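Trainee: If it helps, the file is called coords.txt and holds compact mmCIF, C-alpha atoms (C1' of nucleotides):
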```
# COMPACT_ATOMS: atom_id res chain seq x y z
CA MET A 1 0.00 0.00 0.00
CA PRO A 2 2.79 2.43 0.53
CA GLU A 3 3.03 5.68 -1.30
CA LEU A 4 3.94 8.98 0.34
CA PRO A 5 0.79 9.36 2.47
CA ASP A 6 0.98 5.77 3.66
CA VAL A 7 4.65 5.98 4.59
CA GLU A 8 3.95 9.28 6.34
CA ASN A 9 1.44 7.46 8.50
CA PHE A 10 3.83 4.58 9.13
CA LYS A 11 6.25 7.21 10.39
CA ARG A 12 3.68 8.62 12.78
CA TYR A 13 2.75 5.14 13.95
CA PHE A 14 6.38 4.25 14.48
CA LYS A 15 7.05 7.43 16.44
CA LYS A 16 4.02 6.89 18.60
CA THR A 17 4.94 3.32 19.47
CA ALA A 18 8.54 2.27 19.02
CA LEU A 19 10.80 5.12 20.17
CA ASN A 20 13.09 5.01 23.21
CA LYS A 21 12.71 1.36 24.04
CA LYS A 22 15.66 -0.95 24.38
CA ILE A 23 15.76 -3.61 21.67
CA VAL A 24 16.42 -6.99 23.24
CA ASN A 25 15.99 -9.28 20.25
CA ILE A 26 15.40 -9.27 16.51
CA GLU A 27 13.93 -12.04 14.39
CA CYS A 28 13.91 -12.23 10.63
CA PHE A 29 11.96 -14.60 8.39
CA ALA A 30 13.21 -13.31 5.03
CA LYS A 31 16.89 -12.56 5.38
CA ASP A 32 17.42 -11.42 1.80
CA LEU A 33 15.19 -8.41 2.43
CA ILE A 34 17.97 -7.00 4.57
CA LYS A 35 20.38 -5.46 2.09
CA ARG A 36 24.13 -5.01 2.10
CA ILE A 37 24.64 -6.41 5.60
CA SER A 38 24.21 -9.90 6.97
CA PHE A 39 21.33 -10.51 9.33
CA LYS A 40 23.86 -11.50 11.96
CA ASP A 41 25.64 -8.14 11.78
CA PHE A 42 22.33 -6.30 11.54
CA LYS A 43 21.18 -7.96 14.72
CA ASN A 44 24.46 -7.42 16.56
CA LYS A 45 24.47 -3.74 15.70
CA LEU A 46 20.94 -3.12 16.90
CA ILE A 47 20.48 -5.24 19.98
CA GLY A 48 20.81 -3.18 23.14
CA LYS A 49 20.13 0.04 21.23
CA SER A 50 16.96 2.10 20.93
CA PHE A 51 15.23 4.14 18.24
CA LYS A 52 15.59 7.86 18.65
CA ASP A 53 13.56 9.40 15.86
CA ALA A 54 11.93 8.67 12.54
CA TRP A 55 11.41 10.66 9.37
CA ARG A 56 10.29 10.09 5.83
CA ARG A 57 11.92 10.75 2.49
CA GLY A 58 9.77 9.85 -0.52
CA LYS A 59 8.61 6.30 0.10
CA PHE A 60 11.49 5.56 2.47
CA LEU A 61 11.21 5.58 6.24
CA ILE A 62 14.43 6.51 8.04
CA ILE A 63 15.03 5.66 11.67
CA GLU A 64 17.69 7.34 13.80
CA ILE A 65 19.28 5.17 16.46
CA LYS A 66 20.26 6.64 19.79
CA GLN A 67 23.63 4.98 20.39
CA ILE A 68 25.11 4.60 16.90
CA PRO A 69 25.44 6.75 13.77
CA GLU A 70 23.86 4.13 11.52
CA LYS A 71 20.33 4.68 10.32
CA LEU A 72 17.75 2.00 9.86
CA VAL A 73 15.96 2.45 6.55
CA PHE A 74 12.74 0.78 5.41
CA HIS A 75 11.29 0.63 1.94
CA PHE A 76 7.94 -1.13 1.82
CA GLY A 77 7.86 -2.16 -1.82
CA MET A 78 4.36 -2.75 -3.14
CA THR A 79 3.01 -4.26 0.03
CA GLY A 80 4.02 -3.61 3.58
CA SER A 81 3.20 -2.12 6.92
CA PHE A 82 4.03 -2.11 10.61
CA TYR A 83 2.19 -3.72 13.42
CA TYR A 84 3.03 -2.90 17.01
CA LEU A 85 1.90 -5.39 19.60
CA LYS A 86 1.68 -5.60 23.35
CA PRO A 87 2.97 -8.85 24.89
CA GLU A 88 -0.49 -10.30 25.41
CA GLU A 89 -1.37 -9.70 21.74
CA SER A 90 1.82 -11.04 20.23
CA LYS A 91 0.87 -14.63 20.94
CA THR A 92 -2.41 -14.53 19.09
CA LYS A 93 -2.10 -11.85 16.43
CA ARG A 94 0.66 -13.33 14.32
CA ASP A 95 0.31 -12.21 10.77
CA ARG A 96 1.38 -14.66 8.09
CA PHE A 97 3.53 -12.07 6.36
CA ILE A 98 5.77 -10.94 9.16
CA ARG A 99 9.30 -10.60 7.83
CA LEU A 100 11.05 -8.83 10.71
CA ILE A 101 10.34 -8.49 14.42
CA PHE A 102 11.94 -6.10 16.90
CA LYS A 103 11.44 -7.19 20.50
CA PHE A 104 11.68 -4.56 23.20
CA GLU A 105 12.66 -4.72 26.84
CA ASP A 106 9.09 -4.30 28.04
CA GLY A 107 7.85 -7.25 25.98
CA ASP A 108 6.29 -5.15 23.21
CA GLU A 109 7.03 -6.10 19.61
CA LEU A 110 7.22 -4.18 16.37
CA HIS A 111 6.41 -6.34 13.36
CA TRP A 112 7.38 -5.39 9.84
CA LEU A 113 5.05 -7.05 7.36
CA ASN A 114 5.89 -7.42 3.71
CA LEU A 115 3.57 -9.66 1.80
CA ARG A 116 5.16 -9.66 -1.64
CA LYS A 117 8.73 -9.40 -0.44
CA LEU A 118 9.55 -6.45 -2.65
CA GLY A 119 10.43 -4.38 0.40
CA ARG A 120 13.92 -3.74 1.68
CA VAL A 121 15.66 -2.90 4.93
CA TYR A 122 19.04 -1.21 5.23
CA LEU A 123 21.35 -0.20 8.02
CA VAL A 124 23.67 2.53 6.72
CA LYS A 125 25.95 5.24 8.06
CA ASP A 126 25.32 7.47 5.11
CA LEU A 127 21.99 7.62 3.30
CA LYS A 128 23.90 8.19 0.08
CA GLU A 129 24.79 4.51 0.18
CA ILE A 130 21.24 3.91 -1.02
CA GLU A 131 21.21 4.72 -4.70
CA LEU A 132 17.62 5.86 -4.99
CA LEU A 133 17.74 7.98 -1.83
CA LYS A 134 20.82 9.68 -3.16
CA GLU A 135 19.08 10.62 -6.40
CA MET A 136 15.65 11.34 -4.91
CA GLY A 137 13.79 14.36 -6.20
CA PRO A 138 12.24 17.00 -3.92
CA GLU A 139 9.40 16.34 -1.50
CA PRO A 140 6.17 17.40 -3.20
CA LEU A 141 4.75 18.95 -0.03
CA MET A 142 7.81 21.17 0.31
CA LEU A 143 7.68 22.29 -3.28
CA SER A 144 6.52 25.77 -4.25
CA GLU A 145 4.37 26.23 -7.31
CA LYS A 146 7.25 27.99 -8.96
CA SER A 147 9.69 25.12 -8.37
CA PHE A 148 7.11 22.61 -9.54
CA LEU A 149 6.64 24.50 -12.79
CA LYS A 150 10.39 24.60 -13.23
CA ILE A 151 10.61 20.84 -12.76
CA LEU A 152 7.95 20.29 -15.38
CA ASP A 153 9.84 22.60 -17.67
CA GLU A 154 13.01 20.55 -17.27
CA ASN A 155 11.10 17.45 -18.35
CA LYS A 156 9.17 18.86 -21.30
CA GLU A 157 9.67 15.86 -23.51
CA LYS A 158 8.23 13.37 -21.04
CA ASN A 159 4.78 12.12 -20.33
CA ILE A 160 3.04 13.62 -17.29
CA LYS A 161 2.30 10.33 -15.57
CA ALA A 162 5.88 9.19 -16.05
CA VAL A 163 7.11 12.42 -14.45
CA LEU A 164 4.82 12.13 -11.43
CA LEU A 165 5.93 8.52 -10.95
CA ASP A 166 9.65 9.15 -11.32
CA GLN A 167 11.16 9.27 -7.82
CA ARG A 168 14.20 11.12 -9.13
CA ILE A 169 11.99 13.96 -10.34
CA ILE A 170 9.48 14.16 -7.46
CA ALA A 171 9.59 11.94 -4.39
CA GLY A 172 6.87 9.72 -3.04
CA ILE A 173 4.09 9.60 -5.64
CA GLY A 174 3.17 6.15 -6.94
CA ASN A 175 0.69 4.65 -9.34
CA ILE A 176 -2.47 5.20 -7.30
CA TYR A 177 -1.88 8.83 -6.38
CA SER A 178 -0.54 9.81 -9.80
CA ASP A 179 -3.84 8.58 -11.24
CA GLU A 180 -5.79 10.43 -8.56
CA ILE A 181 -3.90 13.69 -9.13
CA LEU A 182 -4.41 13.55 -12.89
CA PHE A 183 -8.06 12.65 -12.49
CA GLN A 184 -8.81 15.54 -10.15
CA ALA A 185 -6.76 17.90 -12.31
CA LYS A 186 -8.73 16.60 -15.32
CA ILE A 187 -5.62 15.82 -17.31
CA ASN A 188 -5.30 12.75 -19.49
CA PRO A 189 -2.38 10.63 -18.26
CA ARG A 190 -1.07 10.29 -21.83
CA ARG A 191 -0.37 14.01 -22.13
CA GLU A 192 3.17 15.15 -22.70
CA ILE A 193 4.44 17.97 -20.51
CA LYS A 194 5.11 20.20 -23.47
CA SER A 195 1.45 20.04 -24.47
CA LEU A 196 0.24 21.35 -21.10
CA SER A 197 -0.89 24.95 -20.68
CA LEU A 198 0.25 26.96 -17.67
CA LYS A 199 -3.25 26.69 -16.25
CA GLU A 200 -3.19 22.91 -16.55
CA LYS A 201 0.21 22.67 -14.89
CA ILE A 202 -1.04 24.75 -11.98
CA GLN A 203 -4.09 22.51 -11.72
CA ILE A 204 -1.81 19.52 -11.41
CA TYR A 205 0.27 21.24 -8.74
CA LYS A 206 -2.75 22.28 -6.67
CA ASN A 207 -4.32 18.85 -6.84
CA MET A 208 -1.06 17.13 -5.98
CA ILE A 209 -0.77 19.14 -2.76
CA LYS A 210 -4.43 18.81 -1.88
CA ILE A 211 -4.63 15.07 -2.52
CA LEU A 212 -1.44 14.17 -0.69
CA LYS A 213 -2.44 16.26 2.33
CA ARG A 214 -5.94 14.83 2.50
CA ALA A 215 -4.67 11.30 2.08
CA ILE A 216 -2.26 11.82 4.99
CA GLU A 217 -5.03 13.30 7.13
CA ALA A 218 -7.30 10.37 6.36
CA GLN A 219 -4.79 8.18 8.23
CA ILE A 220 -5.86 5.05 6.43
CA PRO A 221 -4.41 3.02 3.59
CA TYR A 222 -5.56 4.35 0.23
CA GLN A 223 -7.73 1.29 -0.43
CA GLN A 224 -9.97 2.40 2.39
CA ILE A 225 -10.42 5.92 1.10
CA SER A 226 -14.07 5.92 0.26
CA LYS A 227 -14.59 9.50 -0.90
CA LYS A 228 -16.99 9.00 -3.75
CA SER A 229 -15.61 12.02 -5.60
CA TRP A 230 -12.16 10.43 -5.74
CA LEU A 231 -11.05 8.04 -8.43
CA ILE A 232 -9.56 5.62 -5.90
CA SER A 233 -12.88 4.33 -4.67
CA HIS A 234 -14.04 3.58 -8.22
CA ARG A 235 -10.96 2.01 -9.78
CA TYR A 236 -11.42 -1.11 -7.71
CA GLY A 237 -15.19 -0.83 -7.77
CA ASP A 238 -17.77 0.15 -10.32
CA MET A 239 -15.31 1.66 -12.84
CA ARG A 240 -17.63 4.66 -13.22
CA CYS A 241 -16.34 8.20 -13.43
CA PRO A 242 -17.11 10.04 -10.17
CA LEU A 243 -17.92 13.20 -12.15
CA ASN A 244 -20.45 11.52 -14.40
CA LYS A 245 -21.76 8.02 -13.81
CA LYS A 246 -22.40 7.56 -17.51
CA HIS A 247 -18.67 7.68 -18.20
CA LYS A 248 -16.88 4.40 -17.91
CA LEU A 249 -13.32 4.52 -16.58
CA LYS A 250 -10.58 3.23 -18.80
CA LYS A 251 -7.60 1.15 -17.83
CA GLN A 252 -4.50 1.41 -19.98
CA THR A 253 -0.81 0.80 -19.57
CA ILE A 254 0.90 4.18 -19.40
CA ALA A 255 4.47 4.74 -18.23
CA GLY A 256 4.67 1.01 -17.60
CA ARG A 257 1.83 0.92 -15.06
CA SER A 258 -1.90 0.40 -15.26
CA ALA A 259 -3.44 3.83 -15.36
CA TYR A 260 -7.12 4.35 -14.62
CA PHE A 261 -8.76 7.47 -15.97
CA CYS A 262 -11.93 8.93 -17.43
CA PRO A 263 -11.38 9.36 -21.17
CA ILE A 264 -14.07 12.03 -21.34
CA CYS A 265 -13.36 14.21 -18.29
CA GLN A 266 -9.58 14.04 -18.54
CA LYS A 267 -8.50 16.11 -21.52
C1' DG B 1 -4.44 -21.83 -13.78
C1' DG B 2 -3.87 -17.28 -15.66
C1' DT B 3 -3.43 -12.58 -14.58
C1' DA B 4 -2.63 -8.43 -12.18
C1' DA B 5 -1.00 -6.10 -8.11
C1' DT B 6 0.60 0.11 -4.26
C1' DG B 7 7.72 -0.39 -6.52
C1' DT B 8 12.25 -0.34 -8.58
C1' DT B 9 15.71 -1.41 -11.88
C1' DA B 10 18.45 -3.15 -15.79
C1' DG B 11 18.64 -3.56 -20.41
C1' DA B 12 16.57 -3.43 -24.90
C1' DC B 13 14.21 -0.76 -28.21
C1' DT B 14 12.78 3.44 -30.96
C1' DT C 1 21.03 10.99 -26.71
C1' DA C 2 16.77 10.65 -24.56
C1' DG C 3 12.65 8.68 -23.58
C1' DT C 4 9.86 4.53 -23.43
C1' DC C 5 8.95 -0.29 -22.99
C1' DT C 6 9.63 -4.98 -21.01
C1' DA C 7 10.94 -8.19 -17.96
C1' DA C 8 12.39 -9.43 -13.60
C1' DC C 9 12.13 -9.57 -8.70
C1' DA C 10 8.48 -12.64 -4.92
C1' DT C 11 4.16 -13.72 -3.72
C1' DT C 12 -0.65 -13.50 -3.18
C1' DA C 13 -5.62 -12.77 -4.43
C1' DC C 14 -9.14 -13.05 -7.63
```
Write the structure described by the file as structure tokens, please.

Mentor:
Amino acid sequence: MPELPDVENFKRYFKKTALNKKIVNIECFAKDLIKRISFKDFKNKLIGKSFKDAWRRGKFLIIEIKQIPEKLVFHFGMTGSFYYLKPEESKTKRDRFIRLIFKFEDGDELHWLNLRKLGRVYLVKDLKEIELLKEMGPEPLMLSEKSFLKILDENKEKNIKAVLLDQRIIAGIGNIYSDEILFQAKINPRREIKSLSLKEKIQIYKNMIKILKRAIEAQIPYQQISKKSWLISHRYGDMRCPLNKKHKLKKQTIAGRSAYFCPICQK
DNA sequence: GGTAATGTTAGACT
DNA sequence: TAGTCTAACATTAC
């Protein structure tokens, strides 16, 4: 589920639950998801330490550790989440897709779930060791309209959906929210940047900010967003355009992903 | 059993 | 050269 709003909420969840507790044990059920360090070293480095702070960059979650300079970095891939459990719950609520467990001194546990195993975990001194983090574009919610327009200008030849999806151009937007942004901005996902008017570009910017903010505020995974006026709740459902029920949504491969859009409302 | 799925990346193609 | 497309990764759900 994780795009920017989802990872932002994982961050809040993590900060609310897992900070400042001594780690007493770590278990891993998919050791190849831990990158560039053996599980043994990973475990040795972290046991006895505690998490100090957490922040987000694009779709990455970065955890500061109190006693060492290394940072713990999570990427959730296409499917992933956290689950924090009290000792009495951890016996019964064992999800099938737990890949990593941090056990704390007080008996609480933080579970990292990753159904499709496309997620990754790193422990690095320097975030630049992670290729994509090093090349990551700006955070959309920190971006002024002016800078956004400049970015579009630098990518004139590309397709708008491809640009929104490209983490090196703008961080954190994935397939679902790129579709939602283009739907609410009424822009066809096949459009090339150079064909967009200034007004259309500003529409995209405004909707990007609005949608990301609202999705964060909703504090739920995007699948549960049930706002009828949003595309999200129709792409998995009736495939009707929220602006006009007579319009049938289309699904097409654009920029390598399945894009859902209304061929009539999105010009 | 086939197909598609929220992400990323390498390599081929145009 | 630059942009786009495809397959691969691992696994599940429909």

Trainee: Against chain B, which residues of chain A fall within 10 Å? For each one I want the closest pair of atoms and the distance in Å (one decimal), counting only C-alpha atoms (C1' of nucleotides), rows by chain and increasing residue number, as CSV.

Mentor:
```
residue,atom,partner,partner_atom,distance
A:Met1,CA,B:DT6,C1',4.3
A:Pro2,CA,B:DT6,C1',5.8
A:Glu3,CA,B:DT6,C1',6.8
A:Asp6,CA,B:DT6,C1',9.7
A:Lys59,CA,B:DG7,C1',9.5
A:His75,CA,B:DG7,C1',9.2
A:Phe76,CA,B:DG7,C1',8.4
A:Gly77,CA,B:DG7,C1',5.0
A:Met78,CA,B:DT6,C1',4.9
A:Thr79,CA,B:DT6,C1',6.6
A:Gly80,CA,B:DT6,C1',9.3
A:Arg116,CA,B:DA5,C1',9.6
A:Leu118,CA,B:DG7,C1',7.4
A:Gly119,CA,B:DG7,C1',8.4
A:Leu132,CA,B:DT8,C1',9.0
A:Gln167,CA,B:DT8,C1',9.7
A:Gly174,CA,B:DT6,C1',7.1
A:Asn175,CA,B:DT6,C1',6.8
A:Ile176,CA,B:DT6,C1',6.7
A:Tyr177,CA,B:DT6,C1',9.3
A:Pro221,CA,B:DT6,C1',9.8
A:Tyr222,CA,B:DT6,C1',8.7
A:Gln223,CA,B:DT6,C1',9.2
A:Ser258,CA,B:DA4,C1',9.4
```

Trainee: Please identify all residues of chain A having at least one atom at most 9 Å from any atom of chain C, considering all atoms listed in the file, and return them as a PyMOL selection string.

Mentor: chain A and resi 115-118+157-158+255-256

Trainee: Between atom CA of A:Pro263 and atom CA of A:Asn155, what is the distance, to one decimal in Å?

Mentor: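 Atom-to-atom, atom CA of A:Pro263 to atom CA of A:Asn155, that is 24.1 Å.
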
Trainee: Separation of atom CA of A:Lys31 and atom CA of A:Pro69, in Å?

Mentor: 22.7 Å

Trainee: Separation of atom CA of A:Glu109 and atom CA of A:Phe14, in Å?

Mentor: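 One can read the atom CA of A:Glu109 to atom CA of A:Phe14 distance as 11.6 Å.
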